[in-house]
Every structure is written in structure tokens, then in C-alpha cells.
$ cat work15.txt   # compact mmCIF, C-alpha atoms
# COMPACT_ATOMS: atom_id res chain seq x y z
CA MET U 1 75.45 5.64 7.65
CA VAL U 2 73.68 7.12 4.66
CA HIS U 3 72.52 4.62 2.00
CA ARG U 4 72.02 5.97 -1.48
CA ARG U 5 69.12 4.51 -3.48
CA PRO U 6 70.06 3.33 -6.97
CA ALA U 7 68.65 5.49 -9.75
CA PHE U 8 68.97 6.11 -13.47
CA THR U 9 71.46 8.67 -14.55
CA LEU U 10 70.36 11.25 -17.10
CA VAL U 11 72.46 9.52 -19.75
CA GLU U 12 70.85 6.15 -19.04
CA LEU U 13 67.39 7.70 -19.21
CA LEU U 14 68.16 9.29 -22.56
CA VAL U 15 69.47 5.96 -23.85
CA VAL U 16 66.24 4.20 -22.81
CA ILE U 17 64.14 6.89 -24.46
CA ALA U 18 66.17 6.58 -27.65
CA ILE U 19 65.75 2.80 -27.68
CA ILE U 20 61.98 3.15 -27.22
CA GLY U 21 61.91 5.68 -30.05
CA VAL U 22 63.74 3.31 -32.36
CA LEU U 23 61.38 0.45 -31.49
CA VAL U 24 58.33 2.63 -32.14
CA ALA U 25 59.78 3.73 -35.47
CA LEU U 26 60.34 0.10 -36.41
CA LEU U 27 56.89 -1.03 -35.30
CA LEU U 28 54.84 1.86 -36.73
CA PRO U 29 55.12 0.83 -40.40
CA ALA U 30 54.13 -2.71 -39.46
CA VAL U 31 51.10 -1.44 -37.53
CA GLN U 32 50.11 0.83 -40.42
CA ALA U 33 50.53 -2.02 -42.89
CA ALA U 34 48.35 -4.27 -40.74
CA ARG U 35 45.66 -1.61 -40.55
CA GLU U 36 45.74 -1.07 -44.31
CA ALA U 37 45.54 -4.84 -44.86
CA ALA U 38 42.41 -4.92 -42.70
CA ARG U 39 40.91 -1.97 -44.60
CA ARG U 40 41.65 -3.63 -47.92
CA ILE U 41 39.96 -6.82 -46.77
CA GLN U 42 36.86 -4.82 -45.77
CA CYS U 43 36.90 -3.10 -49.16
CA SER U 44 37.13 -6.49 -50.85
CA ASN U 45 34.17 -7.71 -48.78
CA ASN U 46 32.13 -4.65 -49.84
CA LEU U 47 32.82 -5.35 -53.50
CA LYS U 48 31.94 -9.00 -53.07
CA GLN U 49 28.60 -8.07 -51.50
CA ILE U 50 27.87 -5.61 -54.31
CA CYS U 51 28.68 -8.12 -57.05
CA LEU U 52 26.62 -10.83 -55.37
CA ALA U 53 23.75 -8.32 -55.10
CA LEU U 54 24.04 -7.67 -58.84
CA CYS U 55 23.86 -11.42 -59.44
CA SER U 56 20.89 -11.72 -57.11
CA TYR U 57 19.14 -8.94 -59.03
CA GLU U 58 19.82 -10.78 -62.28
CA SER U 59 18.43 -13.97 -60.81
CA ALA U 60 15.24 -12.20 -59.78
CA TYR U 61 14.68 -10.07 -62.89
CA LYS U 62 16.58 -12.12 -65.51
CA VAL U 63 18.74 -9.07 -66.33
CA PHE U 64 21.42 -7.09 -64.54
CA PRO U 65 20.32 -3.57 -63.58
CA PRO U 66 21.21 -0.80 -66.03
CA GLY U 67 24.12 1.39 -65.01
CA ARG U 68 21.70 4.28 -65.32
CA VAL U 69 17.92 4.07 -65.32
CA ALA U 70 17.24 6.30 -68.33
CA ASP U 71 18.70 8.76 -70.85
CA ASP U 72 18.85 12.56 -71.05
CA GLY U 73 15.19 13.11 -71.86
CA GLY U 74 13.14 15.88 -70.37
CA ASP U 75 10.39 14.33 -68.27
CA ILE U 76 10.37 12.68 -64.88
CA THR U 77 10.61 9.20 -66.37
CA HIS U 78 14.03 10.06 -67.80
CA VAL U 79 16.27 10.04 -64.78
CA GLY U 80 19.96 9.78 -63.96
CA THR U 81 19.44 7.33 -61.11
CA SER U 82 22.26 4.80 -60.83
CA GLY U 83 22.13 1.02 -60.75
CA PHE U 84 23.44 1.15 -57.19
CA VAL U 85 20.01 2.40 -56.11
CA LEU U 86 18.26 -0.54 -57.77
CA ILE U 87 20.23 -3.19 -55.85
CA LEU U 88 19.66 -1.70 -52.39
CA PRO U 89 17.09 -4.41 -51.50
CA GLN U 90 19.63 -7.12 -52.41
CA LEU U 91 22.07 -5.44 -50.00
CA GLU U 92 19.55 -5.44 -47.13
CA GLN U 93 19.04 -1.69 -47.51
CA GLN U 94 15.29 -1.81 -48.06
CA THR U 95 14.64 1.19 -45.83
CA ILE U 96 16.81 3.47 -47.96
CA TYR U 97 15.39 1.98 -51.16
CA GLU U 98 11.85 2.82 -50.07
CA MET U 99 12.86 6.46 -49.59
CA PHE U 100 13.25 6.78 -53.37
CA ASP U 101 10.08 7.66 -55.29
CA PHE U 102 10.82 6.48 -58.83
CA ARG U 103 7.71 8.18 -60.17
CA ASN U 104 9.39 11.49 -59.55
CA GLY U 105 13.15 11.41 -59.97
CA PRO U 106 15.71 11.73 -58.64
CA TRP U 107 18.15 13.37 -61.04
CA CYS U 108 15.63 14.35 -63.71
CA ASN U 109 15.30 17.24 -66.14
CA ALA U 110 11.67 18.07 -65.60
CA SER U 111 11.16 21.65 -64.44
CA THR U 112 7.99 20.59 -62.67
CA SER U 113 9.73 17.89 -60.66
CA VAL U 114 9.73 18.31 -56.90
CA TRP U 115 11.60 15.14 -55.98
CA TYR U 116 14.00 17.12 -53.82
CA ASN U 117 11.11 18.12 -51.56
CA THR U 118 10.14 14.50 -50.92
CA THR U 119 11.87 11.61 -49.19
CA THR U 120 13.85 11.17 -52.40
CA GLY U 121 15.68 14.39 -51.59
CA ASP U 122 16.72 12.89 -48.27
CA ALA U 123 17.53 9.52 -49.83
CA ILE U 124 20.41 10.88 -51.90
CA GLY U 125 22.03 11.99 -48.66
CA GLN U 126 22.14 8.47 -47.25
CA ARG U 127 25.54 6.73 -47.34
CA PRO U 128 25.31 2.93 -47.01
CA THR U 129 28.52 1.58 -45.49
CA VAL U 130 28.71 -1.15 -48.12
CA TYR U 131 29.35 1.58 -50.70
CA VAL U 132 32.28 3.07 -48.75
CA CYS U 133 35.86 1.75 -48.72
CA PRO U 134 37.51 2.35 -45.30
CA SER U 135 40.72 3.47 -47.05
CA ASP U 136 38.90 6.04 -49.15
CA GLU U 137 39.62 9.57 -47.94
CA SER U 138 36.69 11.14 -49.79
CA GLU U 139 34.38 13.43 -47.91
CA PRO U 140 30.88 12.06 -47.29
CA TYR U 141 29.10 14.63 -49.47
CA SER U 142 29.89 15.75 -53.00
CA GLN U 143 30.95 19.25 -53.95
CA ASN U 144 29.67 18.57 -57.46
CA THR U 145 26.00 19.40 -57.11
CA LEU U 146 25.43 21.81 -59.99
CA ILE U 147 26.66 20.17 -63.20
CA ASN U 148 23.53 21.44 -64.91
CA THR U 149 19.85 21.77 -64.17
CA ALA U 150 19.26 18.05 -64.62
CA TYR U 151 21.72 17.12 -61.90
CA ASN U 152 21.10 19.97 -59.49
CA THR U 153 20.66 18.75 -55.93
CA HIS U 154 18.49 21.78 -55.14
CA GLY U 155 20.42 22.36 -51.94
CA LYS U 156 20.20 18.76 -50.77
CA LYS U 157 23.34 16.95 -49.65
CA ALA U 158 24.33 14.17 -52.05
CA ALA U 159 26.35 11.36 -50.48
CA THR U 160 29.45 9.96 -52.14
CA GLY U 161 30.47 6.35 -52.67
CA SER U 162 33.81 4.61 -53.21
CA TYR U 163 32.74 2.38 -56.08
CA ALA U 164 31.61 2.71 -59.70
CA MET U 165 30.25 0.27 -62.24
CA VAL U 166 32.37 -0.68 -65.25
CA VAL U 167 30.86 0.53 -68.53
CA GLY U 168 33.60 -0.97 -70.71
CA THR U 169 36.51 0.34 -72.77
CA ILE U 170 34.96 3.42 -74.41
CA GLY U 171 35.75 6.42 -72.25
CA ALA U 172 37.58 9.69 -71.85
CA ALA U 173 40.22 8.86 -74.46
CA ASP U 174 37.46 8.54 -77.05
CA GLY U 175 35.88 11.91 -76.33
CA LEU U 176 32.15 12.49 -76.03
CA SER U 177 30.22 9.82 -77.89
CA GLY U 178 26.86 8.13 -77.80
CA ALA U 179 28.56 4.74 -77.65
CA MET U 180 30.10 5.69 -74.33
CA LYS U 181 26.64 6.06 -72.86
CA PHE U 182 24.40 3.68 -74.79
CA ASP U 183 26.49 0.98 -76.44
CA ASN U 184 29.66 0.46 -74.46
CA THR U 185 31.60 -2.79 -74.33
CA GLY U 186 30.92 -3.72 -70.72
CA VAL U 187 27.80 -4.68 -68.79
CA PHE U 188 26.59 -1.43 -67.19
CA PHE U 189 25.69 1.74 -69.08
CA TYR U 190 22.66 3.91 -69.86
CA ILE U 191 19.20 2.28 -70.08
CA SER U 192 20.16 -1.06 -71.64
CA THR U 193 20.19 -4.19 -69.53
CA MET U 194 22.38 -7.23 -70.03
CA LYS U 195 21.65 -10.85 -69.19
CA ALA U 196 24.20 -13.25 -67.76
CA ASN U 197 24.15 -15.03 -71.13
CA ASP U 198 25.23 -11.80 -72.82
CA VAL U 199 28.54 -11.99 -70.96
CA THR U 200 30.10 -14.53 -73.28
CA ASP U 201 33.61 -13.78 -72.03
CA GLY U 202 32.51 -15.36 -68.76
CA LEU U 203 31.40 -13.74 -65.52
CA SER U 204 34.66 -14.75 -63.83
CA GLU U 205 36.62 -12.81 -66.48
CA THR U 206 34.51 -9.65 -66.60
CA LEU U 207 34.91 -6.58 -64.38
CA PHE U 208 31.69 -5.35 -62.80
CA VAL U 209 32.65 -2.81 -60.12
CA GLY U 210 35.84 -0.98 -59.12
CA GLU U 211 37.15 1.65 -56.72
CA VAL U 212 37.10 5.44 -57.03
CA VAL U 213 38.98 8.13 -55.09
CA GLU U 214 38.34 11.81 -54.34
CA ALA U 215 34.66 11.07 -54.81
CA HIS U 216 33.58 14.41 -53.36
CA THR U 217 35.53 16.60 -55.80
CA GLN U 218 34.48 18.32 -58.99
CA ASN U 219 36.67 16.28 -61.35
CA SER U 220 35.91 12.95 -59.68
CA SER U 221 32.40 13.29 -58.37
CA ASN U 222 31.04 9.90 -57.37
CA ILE U 223 27.55 10.36 -55.98
CA TRP U 224 26.46 6.75 -55.59
CA SER U 225 22.80 7.43 -56.41
CA ARG U 226 23.58 9.37 -59.59
CA ALA U 227 24.94 7.99 -62.87
CA VAL U 228 26.84 10.33 -65.19
CA ARG U 229 29.27 8.95 -67.79
CA GLU U 230 32.90 8.87 -66.70
CA LEU U 231 31.90 10.54 -63.46
CA ASP U 232 29.23 9.48 -60.97
CA SER U 233 28.97 5.69 -60.63
CA LEU U 234 29.96 4.88 -64.24
CA ARG U 235 33.63 4.53 -65.20
CA SER U 236 35.65 2.96 -68.01
CA THR U 237 39.02 1.28 -68.52
CA SER U 238 40.02 3.99 -71.00
CA ASN U 239 42.71 5.14 -68.57
CA PRO U 240 45.01 2.79 -66.58
CA PRO U 241 44.06 1.99 -62.98
CA ASN U 242 45.26 4.58 -60.46
CA THR U 243 45.06 7.43 -62.95
CA PHE U 244 44.04 10.07 -60.45
CA PRO U 245 41.45 12.82 -60.99
CA GLY U 246 42.42 15.60 -63.38
CA GLU U 247 45.25 13.58 -64.91
CA PRO U 248 45.29 12.89 -68.65
CA ILE U 249 43.74 11.49 -70.67
CA TYR U 250 40.62 13.46 -69.71
CA MET U 251 37.73 15.06 -71.50
CA SER U 252 36.33 18.48 -70.70
CA ASN U 253 32.82 17.25 -70.12
CA TYR U 254 30.58 19.49 -67.99
CA GLY U 255 33.46 22.00 -67.94
CA LEU U 256 35.50 19.60 -65.79
CA LYS U 257 38.62 17.48 -66.32
CA VAL U 258 36.87 14.11 -66.32
CA ASN U 259 39.03 11.02 -66.91
CA GLY U 260 36.62 8.31 -65.78
CA ALA U 261 39.41 6.29 -64.19
CA PHE U 262 39.31 3.76 -61.39
CA ALA U 263 41.73 4.37 -58.51
CA SER U 264 42.24 3.51 -54.85
CA ARG U 265 44.20 4.46 -51.74
CA HIS U 266 45.50 0.91 -51.41
CA PRO U 267 49.21 0.92 -52.30
CA GLY U 268 49.99 -0.36 -55.77
CA GLY U 269 46.61 -1.11 -57.28
CA VAL U 270 42.83 -1.22 -57.21
CA ASN U 271 40.25 -3.74 -55.99
CA PHE U 272 37.72 -4.92 -58.59
CA GLY U 273 34.67 -7.12 -58.27
CA PHE U 274 33.90 -9.58 -61.05
CA GLY U 275 30.64 -10.93 -62.42
CA ASP U 276 30.87 -14.21 -60.53
CA GLY U 277 31.31 -12.41 -57.20
CA HIS U 278 35.03 -12.86 -56.72
CA VAL U 279 37.29 -9.88 -56.05
CA ALA U 280 40.84 -9.32 -57.33
CA PHE U 281 43.47 -6.67 -56.68
CA LEU U 282 44.70 -5.39 -60.03
CA SER U 283 48.16 -3.85 -60.06
CA GLU U 284 48.40 -0.27 -61.26
CA ASN U 285 51.02 -1.64 -63.67
CA VAL U 286 48.70 -4.24 -65.18
CA ASN U 287 49.06 -4.58 -68.96
CA LEU U 288 46.60 -2.06 -70.42
CA ASP U 289 45.37 -4.47 -73.10
CA VAL U 290 44.64 -7.06 -70.42
CA TYR U 291 42.93 -4.46 -68.24
CA ARG U 292 40.66 -3.38 -71.06
CA ALA U 293 39.97 -6.95 -72.13
CA LEU U 294 38.70 -7.67 -68.62
CA SER U 295 36.12 -4.90 -68.98
CA THR U 296 34.45 -6.29 -72.13
CA ARG U 297 31.50 -8.65 -71.99
CA ASP U 298 31.96 -10.36 -75.37
CA GLY U 299 35.41 -9.53 -76.71
CA ASN U 300 36.52 -13.18 -76.83
CA GLU U 301 39.96 -12.22 -75.54
CA VAL U 302 42.31 -14.79 -74.02
CA ILE U 303 43.47 -13.49 -70.64
CA ASN U 304 46.28 -15.03 -68.62
CA GLY U 305 47.12 -13.55 -65.23
CA TYR U 306 45.98 -10.15 -64.06
CA ASP U 307 45.93 -9.97 -60.26
CA GLU U 308 48.80 -9.72 -57.82

$ encode --input "work15.txt" --output "C-alpha cells"
Amino acid sequence: MVHRRPAFTLVELLVVIAIIGVLVALLLPAVQAAREAARRIQCSNNLKQICLALCSYESAYKVFPPGRVADDGGDITHVGTSGFVLILPQLEQQTIYEMFDFRNGPWCNASTSVWYNTTTGDAIGQRPTVYVCPSDESEPYSQNTLINTAYNTHGKKAATGSYAMVVGTIGAADGLSGAMKFDNTGVFFYISTMKANDVTDGLSETLFVGEVVEAHTQNSSNIWSRAVRELDSLRSTSNPPNTFPGEPIYMSNYGLKVNGAFASRHPGGVNFGFGDGHVAFLSENVNLDVYRALSTRDGNEVINGYDE
């Protein structure tokens, strides 16, 4: 007598495959959401470390670092180096910090400068992980290397970062102005340094650092070691959060569509670090007056509710 072994029919097999497909489709969004939640937490931790490093710098030197070391002058002491370089020791990045020779650039106008032929030229290519959000899709090196002779990388790779310091409210919507660079309403801008006591709105109510996207592109260059207004490492609250590169309101600075906005790849908003070290997720729909009030150091605004 012949015994037939039980087996799946083709129809049953197709039904099982369909069920598995439905389960995968149901689970995939949950898995993706969990991964994004983990990335957002890491981003928040990065911002917390950066803000605590800024506070540690202030504790050591009695001032916060400038957003940019110097102005647009012509010699090697007038450099576009960002405040992110100055806090490297506070972030346990002493090795990278020591690669920078501050007697000779980087990012200076001097025609006699040879910083790009020294370890400084290699330093701008370093990309500390604390300056990179895991959700950021930016490429590791900037395409924006030839804004003008002062900011030429001389063929060196310049690493991007996911974060920029908050200069205040004066930005792209105000057009080119000296106040944007030298006398903005926030804590970090060109040359000038602020003390904790200068932040009379309170450190817990003042934005210090926020997220940036498309950091490798022309219109949203964000080389972490370089500070250029409304572009590399220095941004304003002139535009709402999650105004993406090239979108209005922008100014045609450097021949680019520069809007100086903060933005992220986290759905619905942007992570910001505050002066006391805490981090908050600001909705992209946050009231614009509230958003701008958070970026001033001494506006005396009354702020009620801003994070999710």
C-alpha cells in the first residue's frame, strides 16, 4: 500500500507567503520608527555633549568661545575658524585640536599663508563623531570649497558637521549686514565673546546649537571647522525650523541661495541644545515669535512651552 506524505498545496504556500508579507509590511514601519528613535536619542546626546563642552569652556576661560575666531581681515591672525574647533579639548578631541596651528590659519585671507600644507590642512578633514547626527544624510566632505580666496581649501578635503551655533535672530531675511556678523542677538557670532552673565534670559531658555541638513552642498555648506555667516557653523532663527536649503527667505551671499536655517531629518522638527546643557525637540510648527525669542540672550521675553 502506498502512503502519501502530507504536503502544502501551491495555494496554501501562496497563502503563507502572503501572510508573511503582510506581517513584514506591518512590522517594517515599527522597526524604522524604532531605529529613528535611537538615532534621535544619539543626536540629542551629541548636542548635550557639545553644550556641556561650551559650558566647560566658559568655566575655564570665563567666556563662551566666539562663533568665529576673527573677522574678514587680511593677515593670518584674521581667520574664519569656528568655535567648534576651540571646544575640541572639552570634547576629549585633544589630538585633533593639536593638529590646528592657530598661528597660521586655517581659513585666512593671507596670500602668504601655507596652512593647507601643514597639519592644519589635514585637520579640517577630520570628522569627530560628536559633530555628526546619525540621521543626517550629508556627505562627509563639503562641495563648497571655493567660496572665495579666503575660504579656499587649496585642494584639501573639508569635513562636514550636522550642527551649527545659534547667532540670534538677525539672518537671511535681513539681508547682508554687519549686525548679522558682529552684533547679533544670540551668544555666538564673529569675534565677540559672551559670558554666562550676559545671557540674562537664562541659559535654560537660550538656544546654543541646532541641527543642519545637506551640509555638503553649496547652498547649505556646513564645514564644522569653518564659520561663515548663515552658512558654515553659524545659523540664525530668521527662517522657521526645517526650512530646507535653497528655500526662501534666502540671501544671495557668495552667489548662493543661503537661508541660514536649522533643519533635521527627524520627522516633524529639529533638536536644539540649550545653554544649560539640556536638549529639546522643537516642532517645525513652533510659533515663530517663540522660536526667535529662544535665540536671544537678553530679550527679556516670556516664553511658555516650545518643545513637543

$ closest_residue --input "work15.txt" --among "U:Asp183, U:Glu284, U:Glu137, U:Glu92" --to "Gln49 of chain U" --atoms "all atoms listed in the file"
U:Glu92

$ atom_distance --input "work15.txt" --atom1 "atom CA of Val69 of chain U" --atom2 "atom CA of Ser252 of chain U"
24.0 Å

$ residues_around --input "work15.txt" --residues "Ala158 of chain U" --least-positions-apart "2" --cutoff "12 Å" --atoms "all atoms listed in the file" --output "count of residues only"
36

$ atom_distance --input "work15.txt" --atom1 "atom CA of Tyr163 of chain U" --atom2 "atom CA of Asn197 of chain U"
24.6 Å

$ residues_around --input "work15.txt" --residues "Phe102 of chain U" --least-positions-apart "3" --cutoff "12 Å" --atoms "only C-alpha atoms" --output "PyMOL selection string"
chain U and resi 69-70+76-82+85-86+97-99+105-108+113+115+118-121+123

$ residues_around --input "work15.txt" --residues "Asn304 of chain U" --least-positions-apart "4" --cutoff "12 Å" --atoms "all atoms listed in the file" --output "NGL selection string"
:U and (205 or 286-287 or 289-291 or 293-294)

$ closest_residue --input "work15.txt" --among "U:Phe208, U:Glu214, U:Gly246, U:Phe100" --to "Met194 of chain U" --atoms "all atoms listed in the file"
U:Phe208

$ closest_residue --input "work15.txt" --among "U:Asp198, U:Glu230, U:Glu247, U:Glu211" --to "Gly273 of chain U" --atoms "only C-alpha atoms"
U:Glu211

$ closest_residue --input "work15.txt" --among "U:Ser295, U:Asn104, U:Asn285, U:Thr129" --to "Ile50 of chain U" --atoms "all atoms listed in the file"
U:Thr129

$ atom_distance --input "work15.txt" --atom1 "atom CA of Gly277 of chain U" --atom2 "atom CA of Val258 of chain U"
28.6 Å

$ residues_around --input "work15.txt" --residues "segment 60-66 of chain U" --least-positions-apart "5" --cutoff "9 Å" --atoms "only C-alpha atoms" --output "ChimeraX atom specification"
/U:54-55,82-84,86-87,187-196

$ residues_around --input "work15.txt" --residues "Met165 of chain U" --least-positions-apart "5" --cutoff "6 Å" --atoms "all atoms listed in the file" --output "list in words"
Phe208, Val209, Ser233 and Leu234 of chain U

$ closest_residue --input "work15.txt" --among "U:Arg40, U:Arg229, U:Arg35, U:Arg235" --to "His266 of chain U" --atoms "all atoms listed in the file"
U:Arg40

$ closest_residue --input "work15.txt" --among "U:Val228, U:Phe272, U:Gly255, U:Val212" --to "Thr243 of chain U" --atoms "only C-alpha atoms"
U:Val212

$ residues_near_point --input "work15.txt" --point "(34.6, -14.3, -69.0)" --cutoff "10 Å" --atoms "only C-alpha atoms" --output "ChimeraX atom specification"
/U:199-207,274-276,293-303

$ build_atoms --input "work15.txt" --residues "segment 82-112 of chain U" --atoms "N, CA and C atoms" --output "PDB file, keeping the file's coordinate frame"
ATOM      1  N   SER U  82      21.273   5.837 -60.553  1.00  0.00           N
ATOM      2  CA  SER U  82      22.260   4.800 -60.830  1.00  0.00           C
ATOM      3  C   SER U  82      21.757   3.404 -60.494  1.00  0.00           C
ATOM      4  N   GLY U  83      22.453   2.417 -61.053  1.00  0.00           N
ATOM      5  CA  GLY U  83      22.130   1.020 -60.750  1.00  0.00           C
ATOM      6  C   GLY U  83      22.373   0.659 -59.306  1.00  0.00           C
ATOM      7  N   PHE U  84      23.198   1.426 -58.603  1.00  0.00           N
ATOM      8  CA  PHE U  84      23.440   1.150 -57.190  1.00  0.00           C
ATOM      9  C   PHE U  84      22.171   1.333 -56.357  1.00  0.00           C
ATOM     10  N   VAL U  85      21.291   2.215 -56.807  1.00  0.00           N
ATOM     11  CA  VAL U  85      20.010   2.400 -56.110  1.00  0.00           C
ATOM     12  C   VAL U  85      19.139   1.157 -56.267  1.00  0.00           C
ATOM     13  N   LEU U  86      19.147   0.578 -57.469  1.00  0.00           N
ATOM     14  CA  LEU U  86      18.260  -0.540 -57.770  1.00  0.00           C
ATOM     15  C   LEU U  86      18.590  -1.798 -56.976  1.00  0.00           C
ATOM     16  N   ILE U  87      19.856  -1.962 -56.567  1.00  0.00           N
ATOM     17  CA  ILE U  87      20.230  -3.190 -55.850  1.00  0.00           C
ATOM     18  C   ILE U  87      20.223  -3.011 -54.334  1.00  0.00           C
ATOM     19  N   LEU U  88      19.722  -1.894 -53.840  1.00  0.00           N
ATOM     20  CA  LEU U  88      19.660  -1.700 -52.390  1.00  0.00           C
ATOM     21  C   LEU U  88      18.908  -2.830 -51.671  1.00  0.00           C
ATOM     22  N   PRO U  89      17.768  -3.307 -52.195  1.00  0.00           N
ATOM     23  CA  PRO U  89      17.090  -4.410 -51.500  1.00  0.00           C
ATOM     24  C   PRO U  89      17.959  -5.668 -51.394  1.00  0.00           C
ATOM     25  N   GLN U  90      18.765  -5.943 -52.424  1.00  0.00           N
ATOM     26  CA  GLN U  90      19.630  -7.120 -52.410  1.00  0.00           C
ATOM     27  C   GLN U  90      20.789  -6.954 -51.420  1.00  0.00           C
ATOM     28  N   LEU U  91      21.008  -5.717 -50.967  1.00  0.00           N
ATOM     29  CA  LEU U  91      22.070  -5.440 -50.000  1.00  0.00           C
ATOM     30  C   LEU U  91      21.492  -5.202 -48.600  1.00  0.00           C
ATOM     31  N   GLU U  92      20.244  -5.600 -48.408  1.00  0.00           N
ATOM     32  CA  GLU U  92      19.550  -5.440 -47.130  1.00  0.00           C
ATOM     33  C   GLU U  92      19.456  -3.965 -46.731  1.00  0.00           C
ATOM     34  N   GLN U  93      19.221  -3.121 -47.721  1.00  0.00           N
ATOM     35  CA  GLN U  93      19.040  -1.690 -47.510  1.00  0.00           C
ATOM     36  C   GLN U  93      17.653  -1.262 -47.972  1.00  0.00           C
ATOM     37  N   GLN U  94      16.657  -2.048 -47.617  1.00  0.00           N
ATOM     38  CA  GLN U  94      15.290  -1.810 -48.060  1.00  0.00           C
ATOM     39  C   GLN U  94      14.762  -0.460 -47.586  1.00  0.00           C
ATOM     40  N   THR U  95      15.140  -0.073 -46.380  1.00  0.00           N
ATOM     41  CA  THR U  95      14.640   1.190 -45.830  1.00  0.00           C
ATOM     42  C   THR U  95      15.066   2.371 -46.689  1.00  0.00           C
ATOM     43  N   ILE U  96      16.333   2.386 -47.101  1.00  0.00           N
ATOM     44  CA  ILE U  96      16.810   3.470 -47.960  1.00  0.00           C
ATOM     45  C   ILE U  96      16.155   3.379 -49.333  1.00  0.00           C
ATOM     46  N   TYR U  97      16.013   2.172 -49.846  1.00  0.00           N
ATOM     47  CA  TYR U  97      15.390   1.980 -51.160  1.00  0.00           C
ATOM     48  C   TYR U  97      13.981   2.558 -51.183  1.00  0.00           C
ATOM     49  N   GLU U  98      13.235   2.357 -50.120  1.00  0.00           N
ATOM     50  CA  GLU U  98      11.850   2.820 -50.070  1.00  0.00           C
ATOM     51  C   GLU U  98      11.748   4.339 -49.937  1.00  0.00           C
ATOM     52  N   MET U  99      12.860   5.002 -49.633  1.00  0.00           N
ATOM     53  CA  MET U  99      12.860   6.460 -49.590  1.00  0.00           C
ATOM     54  C   MET U  99      12.820   7.065 -50.995  1.00  0.00           C
ATOM     55  N   PHE U 100      13.240   6.298 -52.000  1.00  0.00           N
ATOM     56  CA  PHE U 100      13.250   6.780 -53.370  1.00  0.00           C
ATOM     57  C   PHE U 100      11.867   6.626 -54.009  1.00  0.00           C
ATOM     58  N   ASP U 101      11.345   7.700 -54.568  1.00  0.00           N
ATOM     59  CA  ASP U 101      10.080   7.660 -55.290  1.00  0.00           C
ATOM     60  C   ASP U 101      10.421   7.708 -56.781  1.00  0.00           C
ATOM     61  N   PHE U 102      10.386   6.565 -57.442  1.00  0.00           N
ATOM     62  CA  PHE U 102      10.820   6.480 -58.830  1.00  0.00           C
ATOM     63  C   PHE U 102       9.816   7.083 -59.810  1.00  0.00           C
ATOM     64  N   ARG U 103       8.665   7.489 -59.315  1.00  0.00           N
ATOM     65  CA  ARG U 103       7.710   8.180 -60.170  1.00  0.00           C
ATOM     66  C   ARG U 103       8.105   9.642 -60.354  1.00  0.00           C
ATOM     67  N   ASN U 104       9.030  10.083 -59.530  1.00  0.00           N
ATOM     68  CA  ASN U 104       9.390  11.490 -59.550  1.00  0.00           C
ATOM     69  C   ASN U 104      10.880  11.654 -59.204  1.00  0.00           C
ATOM     70  N   GLY U 105      11.728  11.273 -60.164  1.00  0.00           N
ATOM     71  CA  GLY U 105      13.150  11.410 -59.970  1.00  0.00           C
ATOM     72  C   GLY U 105      13.771  10.272 -59.186  1.00  0.00           C
ATOM     73  N   PRO U 106      14.968  10.470 -58.654  1.00  0.00           N
ATOM     74  CA  PRO U 106      15.710  11.730 -58.640  1.00  0.00           C
ATOM     75  C   PRO U 106      16.523  11.940 -59.905  1.00  0.00           C
ATOM     76  N   TRP U 107      17.239  13.047 -59.943  1.00  0.00           N
ATOM     77  CA  TRP U 107      18.150  13.370 -61.040  1.00  0.00           C
ATOM     78  C   TRP U 107      17.411  13.401 -62.384  1.00  0.00           C
ATOM     79  N   CYS U 108      16.389  14.249 -62.470  1.00  0.00           N
ATOM     80  CA  CYS U 108      15.630  14.350 -63.710  1.00  0.00           C
ATOM     81  C   CYS U 108      15.595  15.791 -64.200  1.00  0.00           C
ATOM     82  N   ASN U 109      15.279  15.931 -65.493  1.00  0.00           N
ATOM     83  CA  ASN U 109      15.300  17.240 -66.140  1.00  0.00           C
ATOM     84  C   ASN U 109      14.034  18.061 -65.937  1.00  0.00           C
ATOM     85  N   ALA U 110      12.974  17.401 -65.582  1.00  0.00           N
ATOM     86  CA  ALA U 110      11.670  18.070 -65.600  1.00  0.00           C
ATOM     87  C   ALA U 110      11.644  19.290 -64.675  1.00  0.00           C
ATOM     88  N   SER U 111      11.231  20.418 -65.229  1.00  0.00           N
ATOM     89  CA  SER U 111      11.160  21.650 -64.440  1.00  0.00           C
ATOM     90  C   SER U 111      10.061  21.579 -63.391  1.00  0.00           C
ATOM     91  N   THR U 112       9.101  20.711 -63.621  1.00  0.00           N
ATOM     92  CA  THR U 112       7.990  20.590 -62.670  1.00  0.00           C
ATOM     93  C   THR U 112       8.283  19.580 -61.569  1.00  0.00           C
TER      94      THR U 112
END
